[in-house]
file structure_28.cif (mmCIF, C-alpha atoms and all ligand atoms)
data_run
loop_
_atom_site.label_atom_id
_atom_site.label_comp_id
_atom_site.auth_asym_id
_atom_site.auth_seq_id
_atom_site.Cartn_x
_atom_site.Cartn_y
_atom_site.Cartn_z
CA MET B 1 -92.74 50.65 13.61
CA SER B 2 -89.90 51.59 15.93
CA ARG B 3 -89.16 55.23 16.66
CA ARG B 4 -86.53 57.01 14.57
CA LYS B 5 -83.35 57.48 16.62
CA VAL B 6 -81.61 60.71 15.71
CA LEU B 7 -78.14 61.45 17.05
CA ILE B 8 -77.32 65.17 17.22
CA THR B 9 -73.66 65.90 18.04
CA GLY B 10 -72.63 69.18 19.66
CA GLY B 11 -76.15 69.86 20.91
CA ALA B 12 -74.96 71.75 23.99
CA GLY B 13 -73.20 74.33 21.81
CA PHE B 14 -74.57 77.46 20.19
CA ILE B 15 -76.20 76.20 16.98
CA GLY B 16 -76.63 72.62 18.21
CA SER B 17 -78.79 73.75 21.14
CA HIS B 18 -81.22 75.48 18.76
CA VAL B 19 -81.31 72.38 16.54
CA VAL B 20 -81.94 70.08 19.55
CA ARG B 21 -84.77 72.32 20.76
CA LEU B 22 -86.42 72.41 17.34
CA PHE B 23 -86.16 68.63 16.80
CA VAL B 24 -87.26 67.64 20.33
CA ASN B 25 -90.32 69.90 20.22
CA LYS B 26 -91.32 69.37 16.59
CA TYR B 27 -90.62 65.65 16.19
CA THR B 28 -92.04 64.02 19.29
CA GLU B 29 -92.17 60.76 17.30
CA TYR B 30 -88.31 60.71 17.18
CA ASP B 31 -85.90 59.90 19.98
CA ILE B 32 -83.27 62.63 20.05
CA TYR B 33 -79.83 61.76 21.45
CA ASN B 34 -77.62 64.77 22.14
CA LEU B 35 -73.97 63.70 22.21
CA ASP B 36 -71.60 66.35 23.54
CA LYS B 37 -68.21 66.36 25.23
CA LEU B 38 -69.07 69.59 27.06
CA THR B 39 -65.89 71.43 26.13
CA TYR B 40 -65.62 75.08 27.15
CA ALA B 41 -68.19 75.76 24.36
CA GLY B 42 -70.77 73.23 25.54
CA ASN B 43 -73.32 74.43 28.07
CA LEU B 44 -76.27 72.30 29.16
CA GLU B 45 -78.04 75.42 30.39
CA ASN B 46 -78.57 76.24 26.69
CA ILE B 47 -81.16 73.44 26.52
CA LEU B 48 -82.64 73.41 30.01
CA ASP B 49 -86.13 73.80 28.56
CA VAL B 50 -86.06 70.39 26.81
CA GLU B 51 -84.07 68.48 29.38
CA ASN B 52 -87.09 66.66 30.81
CA ALA B 53 -88.78 65.90 27.48
CA THR B 54 -89.43 62.16 27.18
CA ASN B 55 -87.93 62.00 23.67
CA TYR B 56 -84.66 63.72 24.73
CA HIS B 57 -81.52 61.93 25.92
CA PHE B 58 -78.13 63.40 26.76
CA ILE B 59 -74.88 61.48 26.25
CA LYS B 60 -71.60 62.95 27.47
CA ALA B 61 -68.97 61.60 25.08
CA ASP B 62 -65.98 62.59 22.99
CA ILE B 63 -66.18 61.98 19.23
CA VAL B 64 -62.38 61.67 19.12
CA ASP B 65 -62.68 58.42 21.10
CA ALA B 66 -63.42 55.82 18.37
CA ASN B 67 -64.24 53.03 20.84
CA GLU B 68 -66.72 55.16 22.69
CA VAL B 69 -68.39 56.25 19.44
CA ASN B 70 -68.57 52.65 18.13
CA ASN B 71 -70.04 51.41 21.41
CA LEU B 72 -72.71 54.10 21.35
CA PHE B 73 -73.77 53.19 17.80
CA GLU B 74 -73.87 49.54 18.79
CA LYS B 75 -75.91 50.25 21.90
CA TYR B 76 -78.43 52.71 20.46
CA GLN B 77 -78.52 51.77 16.72
CA PHE B 78 -78.97 55.36 15.56
CA ASP B 79 -80.90 55.80 12.31
CA ALA B 80 -79.61 59.28 11.51
CA VAL B 81 -76.90 61.72 12.53
CA VAL B 82 -76.92 65.51 12.51
CA HIS B 83 -73.25 66.27 13.09
CA LEU B 84 -72.47 69.69 14.55
CA ALA B 85 -69.82 68.93 17.20
CA ALA B 86 -66.66 70.82 16.34
CA GLU B 87 -64.04 73.21 17.51
CA SER B 88 -65.47 76.36 15.95
CA HIS B 89 -63.39 79.44 16.76
CA VAL B 90 -60.85 80.65 14.15
CA ASP B 91 -58.63 82.43 16.72
CA ARG B 92 -58.32 79.25 18.80
CA SER B 93 -57.45 77.30 15.64
CA ILE B 94 -54.55 79.67 15.04
CA SER B 95 -53.12 79.08 18.52
CA ASN B 96 -53.97 75.36 18.75
CA PRO B 97 -54.56 73.74 15.33
CA MET B 98 -54.16 70.15 16.57
CA GLU B 99 -57.39 70.28 18.62
CA PHE B 100 -59.15 71.15 15.36
CA VAL B 101 -57.52 68.27 13.50
CA MET B 102 -58.61 65.86 16.24
CA THR B 103 -62.21 66.95 16.77
CA ASN B 104 -63.15 68.21 13.33
CA ILE B 105 -61.35 65.64 11.17
CA VAL B 106 -60.70 62.55 13.32
CA GLY B 107 -63.98 63.00 15.21
CA THR B 108 -65.96 63.19 11.96
CA VAL B 109 -64.24 60.12 10.51
CA ASN B 110 -64.93 58.21 13.75
CA LEU B 111 -68.64 58.97 13.38
CA LEU B 112 -68.59 57.97 9.70
CA ASN B 113 -66.88 54.66 10.54
CA ALA B 114 -69.39 53.91 13.28
CA ALA B 115 -72.30 54.71 10.97
CA LYS B 116 -70.75 52.56 8.22
CA THR B 117 -70.50 49.56 10.55
CA CYS B 118 -73.93 50.08 12.07
CA TRP B 119 -75.67 50.54 8.72
CA LYS B 120 -73.69 47.96 6.71
CA ASN B 121 -76.62 45.67 6.02
CA ASP B 122 -79.22 48.30 5.37
CA THR B 123 -78.82 51.97 4.53
CA LYS B 124 -82.54 52.45 3.82
CA ASP B 125 -83.89 55.49 5.68
CA LYS B 126 -80.44 56.16 7.17
CA LEU B 127 -78.80 59.59 6.94
CA PHE B 128 -75.50 61.20 7.92
CA TYR B 129 -75.99 64.99 7.83
CA HIS B 130 -72.78 66.97 8.14
CA VAL B 131 -73.12 70.62 9.19
CA SER B 132 -70.32 72.77 7.78
CA THR B 133 -69.30 76.34 7.14
CA ASP B 134 -68.93 78.74 4.22
CA GLU B 135 -65.34 79.31 5.38
CA VAL B 136 -64.24 76.19 3.45
CA TYR B 137 -64.58 78.22 0.23
CA GLY B 138 -61.89 80.70 1.31
CA SER B 139 -62.03 84.45 0.98
CA LEU B 140 -63.81 86.51 -1.70
CA HIS B 141 -61.66 89.40 -2.92
CA ASP B 142 -63.21 90.29 -6.28
CA GLY B 143 -66.96 90.23 -5.69
CA GLY B 144 -69.27 87.29 -6.33
CA PHE B 145 -70.77 84.71 -4.03
CA PHE B 146 -69.98 81.21 -2.80
CA LEU B 147 -71.97 78.60 -4.73
CA GLU B 148 -72.22 74.90 -3.90
CA THR B 149 -69.87 74.36 -6.86
CA THR B 150 -67.23 76.86 -5.72
CA SER B 151 -63.83 75.16 -5.28
CA TYR B 152 -62.60 74.71 -1.73
CA ASP B 153 -59.81 77.10 -0.72
CA PRO B 154 -59.68 77.14 3.09
CA GLN B 155 -57.34 79.70 4.62
CA SER B 156 -57.38 79.10 8.40
CA PRO B 157 -56.65 75.94 10.40
CA TYR B 158 -60.36 75.97 11.37
CA SER B 159 -61.62 76.13 7.80
CA ALA B 160 -58.98 73.63 6.62
CA SER B 161 -60.19 71.15 9.27
CA LYS B 162 -63.84 71.67 8.28
CA ALA B 163 -62.92 71.31 4.57
CA ALA B 164 -61.14 68.02 5.31
CA SER B 165 -64.19 66.74 7.19
CA ASP B 166 -66.48 67.70 4.28
CA HIS B 167 -64.19 65.76 1.90
CA PHE B 168 -64.33 62.68 4.13
CA VAL B 169 -68.14 62.81 4.27
CA ARG B 170 -68.34 62.95 0.45
CA ALA B 171 -65.67 60.24 0.11
CA TYR B 172 -67.66 57.89 2.39
CA HIS B 173 -70.76 58.52 0.29
CA ASN B 174 -68.88 57.79 -2.92
CA THR B 175 -66.90 54.81 -1.65
CA TYR B 176 -69.15 53.12 0.90
CA LYS B 177 -72.54 54.46 -0.25
CA ILE B 178 -73.31 56.03 3.12
CA PRO B 179 -76.36 58.28 2.56
CA VAL B 180 -75.07 61.77 3.34
CA VAL B 181 -76.15 65.36 2.97
CA LEU B 182 -74.14 68.50 3.74
CA SER B 183 -74.78 72.18 4.32
CA ASN B 184 -72.39 75.11 4.46
CA CYS B 185 -73.67 78.12 6.35
CA SER B 186 -72.53 81.69 6.83
CA ASN B 187 -71.86 83.40 10.21
CA ASN B 188 -74.61 82.81 12.78
CA TYR B 189 -75.73 85.18 15.50
CA GLY B 190 -78.37 84.97 18.22
CA PRO B 191 -78.97 83.70 21.78
CA ASN B 192 -76.54 81.28 23.49
CA GLN B 193 -73.42 82.07 21.44
CA PHE B 194 -70.19 81.76 23.41
CA PRO B 195 -68.83 85.26 24.05
CA GLU B 196 -65.57 84.72 22.22
CA LYS B 197 -67.36 85.37 18.93
CA LEU B 198 -67.80 88.94 17.71
CA ILE B 199 -71.43 89.79 18.52
CA PRO B 200 -71.86 88.36 22.07
CA LEU B 201 -68.34 89.48 23.01
CA PHE B 202 -69.09 93.05 21.97
CA ILE B 203 -72.54 93.13 23.62
CA ASN B 204 -70.95 91.97 26.88
CA ASN B 205 -68.02 94.39 26.62
CA ILE B 206 -70.34 97.32 25.93
CA ARG B 207 -72.44 96.39 28.95
CA ASN B 208 -69.28 96.33 31.09
CA ASN B 209 -67.71 99.42 29.50
CA LYS B 210 -64.76 97.41 28.22
CA PRO B 211 -62.83 98.06 24.96
CA LEU B 212 -64.20 96.60 21.70
CA PRO B 213 -61.18 95.00 19.96
CA VAL B 214 -61.65 95.51 16.20
CA TYR B 215 -59.17 93.45 14.18
CA GLY B 216 -57.30 95.47 11.52
CA LYS B 217 -59.44 98.24 10.05
CA GLY B 218 -62.77 96.49 10.57
CA GLU B 219 -63.22 96.22 6.79
CA ASN B 220 -63.77 92.45 6.65
CA VAL B 221 -67.20 91.41 5.45
CA ARG B 222 -69.36 88.62 6.87
CA ASP B 223 -72.86 87.41 5.89
CA TRP B 224 -74.94 87.06 9.08
CA LEU B 225 -77.85 84.67 9.67
CA TYR B 226 -80.06 84.41 12.77
CA VAL B 227 -79.33 81.06 14.45
CA VAL B 228 -82.98 79.96 14.58
CA ASP B 229 -83.16 80.40 10.81
CA HIS B 230 -80.11 78.15 10.47
CA ALA B 231 -81.82 75.54 12.67
CA ARG B 232 -84.93 75.78 10.45
CA ALA B 233 -82.73 75.30 7.36
CA ILE B 234 -81.09 72.23 8.97
CA ASP B 235 -84.59 70.81 9.55
CA GLU B 236 -85.41 71.30 5.83
CA VAL B 237 -82.14 69.77 4.62
CA PHE B 238 -82.47 66.83 7.03
CA HIS B 239 -85.98 66.01 5.86
CA LYS B 240 -85.99 67.09 2.21
CA GLY B 241 -82.35 67.33 1.09
CA LYS B 242 -81.24 65.16 -1.81
CA ILE B 243 -78.86 62.38 -0.77
CA GLY B 244 -75.28 63.27 -1.75
CA ASP B 245 -76.10 66.96 -2.19
CA THR B 246 -74.77 70.11 -0.55
CA TYR B 247 -76.84 73.17 0.35
CA ASN B 248 -75.41 76.62 1.01
CA ILE B 249 -77.27 78.52 3.74
CA GLY B 250 -77.04 82.28 4.20
CA GLY B 251 -78.99 85.41 4.86
CA PHE B 252 -78.01 87.61 1.85
CA ASN B 253 -77.00 89.95 4.66
CA GLU B 254 -73.46 91.29 4.31
CA TRP B 255 -71.91 93.73 6.73
CA THR B 256 -68.41 95.09 7.22
CA ASN B 257 -67.36 94.42 10.80
CA LEU B 258 -67.22 98.14 11.53
CA ASP B 259 -70.74 98.86 10.23
CA LEU B 260 -72.09 95.91 12.16
CA ILE B 261 -70.36 97.00 15.36
CA LYS B 262 -71.85 100.48 14.96
CA VAL B 263 -75.35 99.00 14.70
CA VAL B 264 -74.73 97.02 17.90
CA CYS B 265 -73.30 100.10 19.66
CA LYS B 266 -76.33 102.25 18.73
CA ALA B 267 -78.81 99.62 19.88
CA MET B 268 -76.89 99.17 23.14
CA ASP B 269 -76.81 102.95 23.78
CA LYS B 270 -80.60 102.87 23.56
CA LYS B 271 -80.96 99.78 25.80
CA LEU B 272 -78.60 101.13 28.44
CA GLY B 273 -79.97 104.67 28.30
CA ARG B 274 -76.58 106.01 27.25
CA GLU B 275 -76.06 109.08 25.09
CA VAL B 276 -75.96 108.25 21.36
CA GLY B 277 -72.33 107.58 20.36
CA GLU B 278 -71.21 106.64 23.89
CA SER B 279 -70.63 102.90 23.20
CA GLU B 280 -68.81 103.58 19.91
CA LYS B 281 -66.11 105.30 21.92
CA LEU B 282 -65.14 101.83 23.20
CA ILE B 283 -63.98 100.78 19.69
CA THR B 284 -60.25 99.98 19.82
CA TYR B 285 -58.31 98.93 16.74
CA VAL B 286 -56.02 95.97 17.45
CA THR B 287 -53.55 93.88 15.43
CA ASP B 288 -55.30 92.00 12.66
CA ARG B 289 -56.00 88.25 12.88
CA ALA B 290 -53.29 86.27 11.01
CA GLY B 291 -54.53 85.36 7.52
CA HIS B 292 -57.83 87.16 8.16
CA ASP B 293 -60.32 86.27 5.38
CA LEU B 294 -61.59 89.46 3.73
CA ARG B 295 -65.13 88.56 2.68
CA TYR B 296 -67.60 85.69 2.91
CA ALA B 297 -70.87 85.82 0.99
CA ILE B 298 -73.25 82.93 0.34
CA ASP B 299 -75.56 82.43 -2.61
CA ALA B 300 -78.46 80.65 -0.88
CA ASN B 301 -80.66 80.32 -3.97
CA LYS B 302 -80.45 76.52 -4.17
CA ILE B 303 -81.96 75.85 -0.73
CA MET B 304 -84.52 78.60 -1.29
CA LYS B 305 -85.65 77.25 -4.66
CA GLU B 306 -85.34 73.51 -4.07
CA LEU B 307 -86.39 73.22 -0.43
CA GLY B 308 -88.50 76.36 -0.03
CA TRP B 309 -86.46 77.67 2.93
CA GLU B 310 -85.98 81.37 3.52
CA PRO B 311 -84.81 83.44 6.50
CA SER B 312 -87.74 84.44 8.72
CA LEU B 313 -86.11 87.53 10.20
CA GLN B 314 -84.65 90.72 8.78
CA PHE B 315 -81.29 91.60 10.33
CA GLU B 316 -82.61 94.66 12.22
CA GLU B 317 -85.19 92.48 13.97
CA GLY B 318 -82.71 89.66 14.61
CA ILE B 319 -80.11 91.90 16.19
CA GLU B 320 -82.77 93.54 18.43
CA LYS B 321 -83.91 90.09 19.61
CA THR B 322 -80.31 89.04 20.17
CA ILE B 323 -79.41 92.08 22.24
CA ASP B 324 -82.63 91.71 24.26
CA TRP B 325 -81.76 88.07 24.96
CA TYR B 326 -78.26 88.85 26.24
CA MET B 327 -79.54 91.75 28.34
CA GLU B 328 -82.31 89.58 29.84
CA ASN B 329 -79.97 86.65 30.43
CA GLN B 330 -77.11 88.33 32.23
CA LYS B 331 -76.89 85.37 34.61
CA TRP B 332 -76.15 83.10 31.61
CA MET B 333 -73.47 85.51 30.42
CA ASP B 334 -71.95 85.94 33.89
CA GLU B 335 -71.82 82.17 34.46
CA VAL B 336 -70.23 81.63 31.06
CA THR B 337 -67.60 84.29 31.65
CA ASN B 338 -66.79 83.13 35.22
CA GLY B 339 -66.82 79.41 34.37
CA ASP B 340 -69.73 78.42 36.65
CA TYR B 341 -71.68 76.91 33.75
CA GLN B 342 -69.23 74.02 33.67
CA LYS B 343 -70.43 72.87 37.11
CA TYR B 344 -73.93 72.26 35.75
CA TYR B 345 -73.23 68.76 34.41
CA ASP B 346 -71.87 67.56 37.76
CA LYS B 347 -74.83 69.07 39.59
CA MET B 348 -77.51 67.62 37.30
CA TYR B 349 -76.10 64.33 36.06
CA LEU B 350 -73.44 62.96 38.41
CA LYS B 351 -75.60 62.95 41.52
CA ARG B 352 -78.39 60.96 39.83
P1 LIG R 401 -69.86 75.78 19.35
O1 LIG R 401 -68.38 75.91 19.51
O2 LIG R 401 -70.76 76.77 20.02
O3 LIG R 401 -70.34 74.33 19.88
C1 LIG R 401 -69.63 73.17 19.58
C2 LIG R 401 -70.18 72.04 20.46
O4 LIG R 401 -69.46 70.83 20.13
C3 LIG R 401 -69.99 72.27 21.96
O5 LIG R 401 -71.17 71.95 22.66
C4 LIG R 401 -68.85 71.34 22.33
O6 LIG R 401 -68.90 70.90 23.67
C5 LIG R 401 -69.05 70.21 21.33
N1 LIG R 401 -67.79 69.48 21.08
C6 LIG R 401 -66.58 70.02 20.77
N2 LIG R 401 -65.66 69.03 20.66
C7 LIG R 401 -66.31 67.87 20.88
C8 LIG R 401 -65.89 66.51 20.89
N3 LIG R 401 -64.60 66.18 20.67
N4 LIG R 401 -66.80 65.56 21.13
C9 LIG R 401 -68.11 65.88 21.36
N5 LIG R 401 -68.55 67.15 21.40
C10 LIG R 401 -67.66 68.13 21.15
O7 LIG R 401 -70.09 75.72 17.80
P2 LIG R 401 -71.29 76.31 16.91
O8 LIG R 401 -70.99 77.72 16.60
O9 LIG R 401 -72.58 75.94 17.52
O10 LIG R 401 -71.09 75.47 15.57
C11 LIG R 401 -71.71 74.20 15.39
C12 LIG R 401 -71.34 73.65 14.03
O11 LIG R 401 -71.78 74.55 13.02
C13 LIG R 401 -69.83 73.46 13.83
O12 LIG R 401 -69.63 72.28 13.11
C14 LIG R 401 -69.43 74.68 13.00
O13 LIG R 401 -68.31 74.39 12.19
C15 LIG R 401 -70.69 74.91 12.18
N6 LIG R 401 -70.93 76.32 11.75
C16 LIG R 401 -70.88 77.34 12.68
C17 LIG R 401 -71.16 78.63 12.26
C18 LIG R 401 -71.16 79.80 13.23
O14 LIG R 401 -71.33 80.95 12.81
N7 LIG R 401 -71.05 79.59 14.53
C19 LIG R 401 -71.47 78.89 10.92
C20 LIG R 401 -71.51 77.81 10.01
C21 LIG R 401 -71.25 76.53 10.45
P1 LIG R 402 -65.94 85.63 14.55
O1 LIG R 402 -67.18 85.92 15.32
O2 LIG R 402 -64.75 85.08 15.26
O3 LIG R 402 -66.35 84.70 13.32
P2 LIG R 402 -65.48 84.24 12.00
O4 LIG R 402 -64.06 84.54 12.24
O5 LIG R 402 -65.75 82.77 11.97
O6 LIG R 402 -66.07 84.99 10.86
O7 LIG R 402 -65.47 86.99 13.85
C1 LIG R 402 -66.32 87.71 12.97
C2 LIG R 402 -65.50 88.84 12.38
O8 LIG R 402 -65.16 89.77 13.43
C3 LIG R 402 -64.17 88.38 11.80
O9 LIG R 402 -63.90 89.17 10.64
C4 LIG R 402 -63.16 88.70 12.89
C5 LIG R 402 -63.75 89.92 13.56
N1 LIG R 402 -63.47 90.06 15.02
C6 LIG R 402 -62.97 91.27 15.53
O10 LIG R 402 -62.73 92.25 14.78
N2 LIG R 402 -62.74 91.37 16.86
C7 LIG R 402 -62.99 90.32 17.72
O11 LIG R 402 -62.74 90.46 18.94
C8 LIG R 402 -63.52 89.10 17.20
C9 LIG R 402 -63.82 87.93 18.08
C10 LIG R 402 -63.75 89.02 15.83
#
call {"tool": "encode", "arguments": {"input": "structure_28.cif", "output": "structure tokens"}}
result
Amino acid sequence: MSRRKVLITGGAGFIGSHVVRLFVNKYTEYDIYNLDKLTYAGNLENILDVENATNYHFIKADIVDANEVNNLFEKYQFDAVVHLAAESHVDRSISNPMEFVMTNIVGTVNLLNAAKTCWKNDTKDKLFYHVSTDEVYGSLHDGGFFLETTSYDPQSPYSASKAASDHFVRAYHNTYKIPVVLSNCSNNYGPNQFPEKLIPLFINNIRNNKPLPVYGKGENVRDWLYVVDHARAIDEVFHKGKIGDTYNIGGFNEWTNLDLIKVVCKAMDKKLGREVGESEKLITYVTDRAGHDLRYAIDANKIMKELGWEPSLQFEEGIEKTIDWYMENQKWMDEVTNGDYQKYYDKMYLKR
């Protein structure tokens, strides 16, 4: 029997790199193809440790380019897709929504079309897995949790683009019988996250004694999950998820931004040998994000009950590990903040 060819998109990004690592190491009987455009958020140094694995292949490509995507499906005949490539930062979506329309909506539909053509004669053992966000459900103001059945109510250009892509994935399942599965996850944290997102940005700013810009009053609530636990959940959904179904993934771990920032500040005081309370002095309240969603909270009971997944780490342990990683990988952080990481592709791939 031929080897299963699994295409992972966005595998040089934050979550994608953890998914690539898990799949390459755990499923040596699969061929893993990591397709990534290497935007500012893609960094091949995130997956250096698997680069030479015989079942790993990197493809630099843009999912917005339909021809390129079709040619790749024709050439490699992928059996399954785990689709993570996206523009992922809400603030960027506010200043440049069109990039989000192109990558998140058009890019997803390009992949669906290519899969539809490639799998037209036989969808047996094929799978299109779309990785999405809890932000598609909107903002919780009156308590409660997001369920898989909660109506979509996206509030930012980012979440609207992800919601549209989710709708297309379900529409292709309904109309063209493409075997799909979806998951919607809460906020991730952990190693390799681009330092525009709250936790790595604040760790880096504390290290460099720079202000910590808290939007509004810091009262917004997010549900945080360690990225490796998300990758483990993606593994479960990919292998055991019911075709056509959606699984919410979350850590039952809600924090207001301000409380979370204080935890990070305390841990950083300890790591840096600063007096307790020193890092908190860097907190600076700034103008709120436009349309800032108040609260996200996931009910993850379905994936826990049906697929047996549960988070492996408590938040206290996860945040310790995360801070340790950023402190031990200051070169990674420095190269990401000064742009050097973008030279890696040229150095490693263009000279071959
Ligand atoms: P990220 O921004 O760190 O990485 C995105 C990756 O996609 C990068 O490697 C980038 O180069 C690649 N990419 C972007 N545009 C591309 C294009 N046109 N063609 C090919 N590759 C392209 O994102 P992330 O935080 O790892 O998120 C991954 C996925 O998970 C996204 O779909 C996101 O919506 C979803 N998600 C993220 C979170 C979170 O907390 N970060 C939570 C739930 C769901
Ligand atoms: P972020 O990491 O951008 O994730 P998301 O917007 O997808 O939830 O932000 C997490 C929370 O932190 C969100 O409520 C916005 C807030 N935030 C700040 O207060 N200051 C910042 O500098 C950033 C990046 C985010």
call {"tool": "residues_near_ligand", "arguments": {"input": "structure_28.cif", "ligand": "ligand LIG 401 (chain R)", "cutoff": "6 Å", "atoms": "only C-alpha atoms and all ligand atoms", "output": "PyMOL selection string"}}
result
chain B and resi 10-16+36-39+41-42+61-64+84-88+103+131-133+185-188
call {"tool": "residues_near_ligand", "arguments": {"input": "structure_28.cif", "ligand": "ligand LIG 402 (chain R)", "cutoff": "10 Å", "atoms": "all atoms listed in the file", "output": "PyMOL selection string"}}
result
chain B and resi 88-92+133-135+156+158-159+186-189+193-202+211-224+255-258+260-261+283-289+292-296
call {"tool": "atom_distance", "arguments": {"input": "structure_28.cif", "atom1": "CA of Ala53 in chain B", "atom2": "CA of Ser17 in chain B"}}
result
14.2 Å
call {"tool": "atom_distance", "arguments": {"input": "structure_28.cif", "atom1": "CA of Lys26 in chain B", "atom2": "CA of Arg232 in chain B"}}
result
10.9 Å
call {"tool": "closest_atom_pairs", "arguments": {"input": "structure_28.cif", "of": "range 13-77 of chain B", "to": "range 115-126 of chain B", "cutoff": "12 Å", "atoms": "all atoms listed in the file", "output": "CSV"}}
result
residue,atom,partner,partner_atom,distance
B:Ala66,CA,B:Ala115,CA,11.6
B:Val69,CA,B:Ala115,CA,9.5
B:Asn70,CA,B:Ala115,CA,8.3
B:Asn71,CA,B:Cys118,CA,10.2
B:Leu72,CA,B:Cys118,CA,10.2
B:Phe73,CA,B:Cys118,CA,6.5
B:Glu74,CA,B:Cys118,CA,6.7
B:Lys75,CA,B:Cys118,CA,10.0
B:Tyr76,CA,B:Cys118,CA,9.9
B:Gln77,CA,B:Cys118,CA,6.7
call {"tool": "closest_residue", "arguments": {"input": "structure_28.cif", "among": "B:Ile298, B:Leu44, B:Ile32, B:Pro311", "to": "Lys347 in chain B", "atoms": "all atoms listed in the file"}}
result
B:Leu44
call {"tool": "closest_residue", "arguments": {"input": "structure_28.cif", "among": "B:Ala297, B:Val227, B:Ala80, B:Cys265", "to": "Leu147 in chain B", "atoms": "only C-alpha atoms"}}
result
B:Ala297
call {"tool": "closest_residue", "arguments": {"input": "structure_28.cif", "among": "B:Val82, B:Val101, B:Leu111, B:Leu350", "to": "Glu68 in chain B", "atoms": "all atoms listed in the file"}}
result
B:Leu111
call {"tool": "closest_residue", "arguments": {"input": "structure_28.cif", "among": "B:Gly143, B:Ala231, B:Ser161, B:Asp79", "to": "Met98 in chain B", "atoms": "only C-alpha atoms"}}
result
B:Ser161
call {"tool": "atom_distance", "arguments": {"input": "structure_28.cif", "atom1": "CA of Gln330 in chain B", "atom2": "CA of Ile203 in chain B"}}
result
10.9 Å
call {"tool": "residues_near_point", "arguments": {"input": "structure_28.cif", "point": "(-80.5, 71.8, 30.1)", "cutoff": "12 Å", "atoms": "only C-alpha atoms", "output": "list in words"}}
result
Gly11, Ala12, Gly13, Ser17, His18, Val20, Arg21, Asn34, Gly42, Asn43, Leu44, Glu45, Asn46, Ile47, Leu48, Asp49, Val50, Glu51, Asn52, Ala53, Tyr56, His57, Phe58, Tyr341, Tyr344, Tyr345, Lys347, Met348 and Tyr349 of chain B
call {"tool": "closest_residue", "arguments": {"input": "structure_28.cif", "among": "B:Ile303, B:Trp309, B:Tyr33, B:Lys321", "to": "Lys60 in chain B", "atoms": "all atoms listed in the file"}}
result
B:Tyr33
call {"tool": "closest_residue", "arguments": {"input": "structure_28.cif", "among": "B:Thr322, B:Ser279, B:Thr108, B:Ser312", "to": "Lys266 in chain B", "atoms": "only C-alpha atoms"}}
result
B:Ser279
call {"tool": "axis_aligned_box", "arguments": {"input": "structure_28.cif", "around": "range 140-150 of chain B", "padding_each_side": "8 Å", "output": "lines of an AutoDock Vina configuration file"}}
result
center_x = -66.9
center_y = 82.3
center_z = -4.3
size_x = 26.6
size_y = 31.9
size_z = 21.2
call {"tool": "residues_near_point", "arguments": {"input": "structure_28.cif", "point": "(-61.5, 71.5, 0.3)", "cutoff": "8 Å", "atoms": "only C-alpha atoms", "output": "list in words"}}
result
Val136, Tyr137, Ser151, Tyr152, Asp153, Pro154, Ala160, Ala163, Ala164, Asp166 and His167 of chain B
call {"tool": "build_atoms", "arguments": {"input": "structure_28.cif", "residues": "range 109-116 of chain B", "atoms": "N, CA, C and O atoms", "output": "PDB file, in the frame of the given file"}}
result
ATOM      1  N   VAL B 109     -64.504  61.436  11.116  1.00  0.00           N
ATOM      2  CA  VAL B 109     -64.240  60.120  10.510  1.00  0.00           C
ATOM      3  C   VAL B 109     -64.657  58.999  11.478  1.00  0.00           C
ATOM      4  O   VAL B 109     -65.198  57.965  11.051  1.00  0.00           O
ATOM      5  N   ASN B 110     -64.456  59.205  12.770  1.00  0.00           N
ATOM      6  CA  ASN B 110     -64.930  58.210  13.750  1.00  0.00           C
ATOM      7  C   ASN B 110     -66.442  58.000  13.625  1.00  0.00           C
ATOM      8  O   ASN B 110     -66.935  56.863  13.655  1.00  0.00           O
ATOM      9  N   LEU B 111     -67.171  59.088  13.507  1.00  0.00           N
ATOM     10  CA  LEU B 111     -68.640  58.970  13.380  1.00  0.00           C
ATOM     11  C   LEU B 111     -69.009  58.268  12.073  1.00  0.00           C
ATOM     12  O   LEU B 111     -69.919  57.423  12.039  1.00  0.00           O
ATOM     13  N   LEU B 112     -68.303  58.611  10.995  1.00  0.00           N
ATOM     14  CA  LEU B 112     -68.590  57.970   9.700  1.00  0.00           C
ATOM     15  C   LEU B 112     -68.324  56.465   9.779  1.00  0.00           C
ATOM     16  O   LEU B 112     -69.119  55.654   9.278  1.00  0.00           O
ATOM     17  N   ASN B 113     -67.203  56.090  10.422  1.00  0.00           N
ATOM     18  CA  ASN B 113     -66.880  54.660  10.540  1.00  0.00           C
ATOM     19  C   ASN B 113     -67.941  53.924  11.355  1.00  0.00           C
ATOM     20  O   ASN B 113     -68.351  52.818  10.996  1.00  0.00           O
ATOM     21  N   ALA B 114     -68.382  54.556  12.440  1.00  0.00           N
ATOM     22  CA  ALA B 114     -69.390  53.910  13.280  1.00  0.00           C
ATOM     23  C   ALA B 114     -70.698  53.758  12.518  1.00  0.00           C
ATOM     24  O   ALA B 114     -71.348  52.706  12.581  1.00  0.00           O
ATOM     25  N   ALA B 115     -71.070  54.777  11.765  1.00  0.00           N
ATOM     26  CA  ALA B 115     -72.300  54.710  10.970  1.00  0.00           C
ATOM     27  C   ALA B 115     -72.168  53.629   9.888  1.00  0.00           C
ATOM     28  O   ALA B 115     -73.100  52.843   9.651  1.00  0.00           O
ATOM     29  N   LYS B 116     -71.007  53.549   9.277  1.00  0.00           N
ATOM     30  CA  LYS B 116     -70.750  52.560   8.220  1.00  0.00           C
ATOM     31  C   LYS B 116     -70.931  51.138   8.767  1.00  0.00           C
ATOM     32  O   LYS B 116     -71.581  50.294   8.138  1.00  0.00           O
TER      33      LYS B 116
END
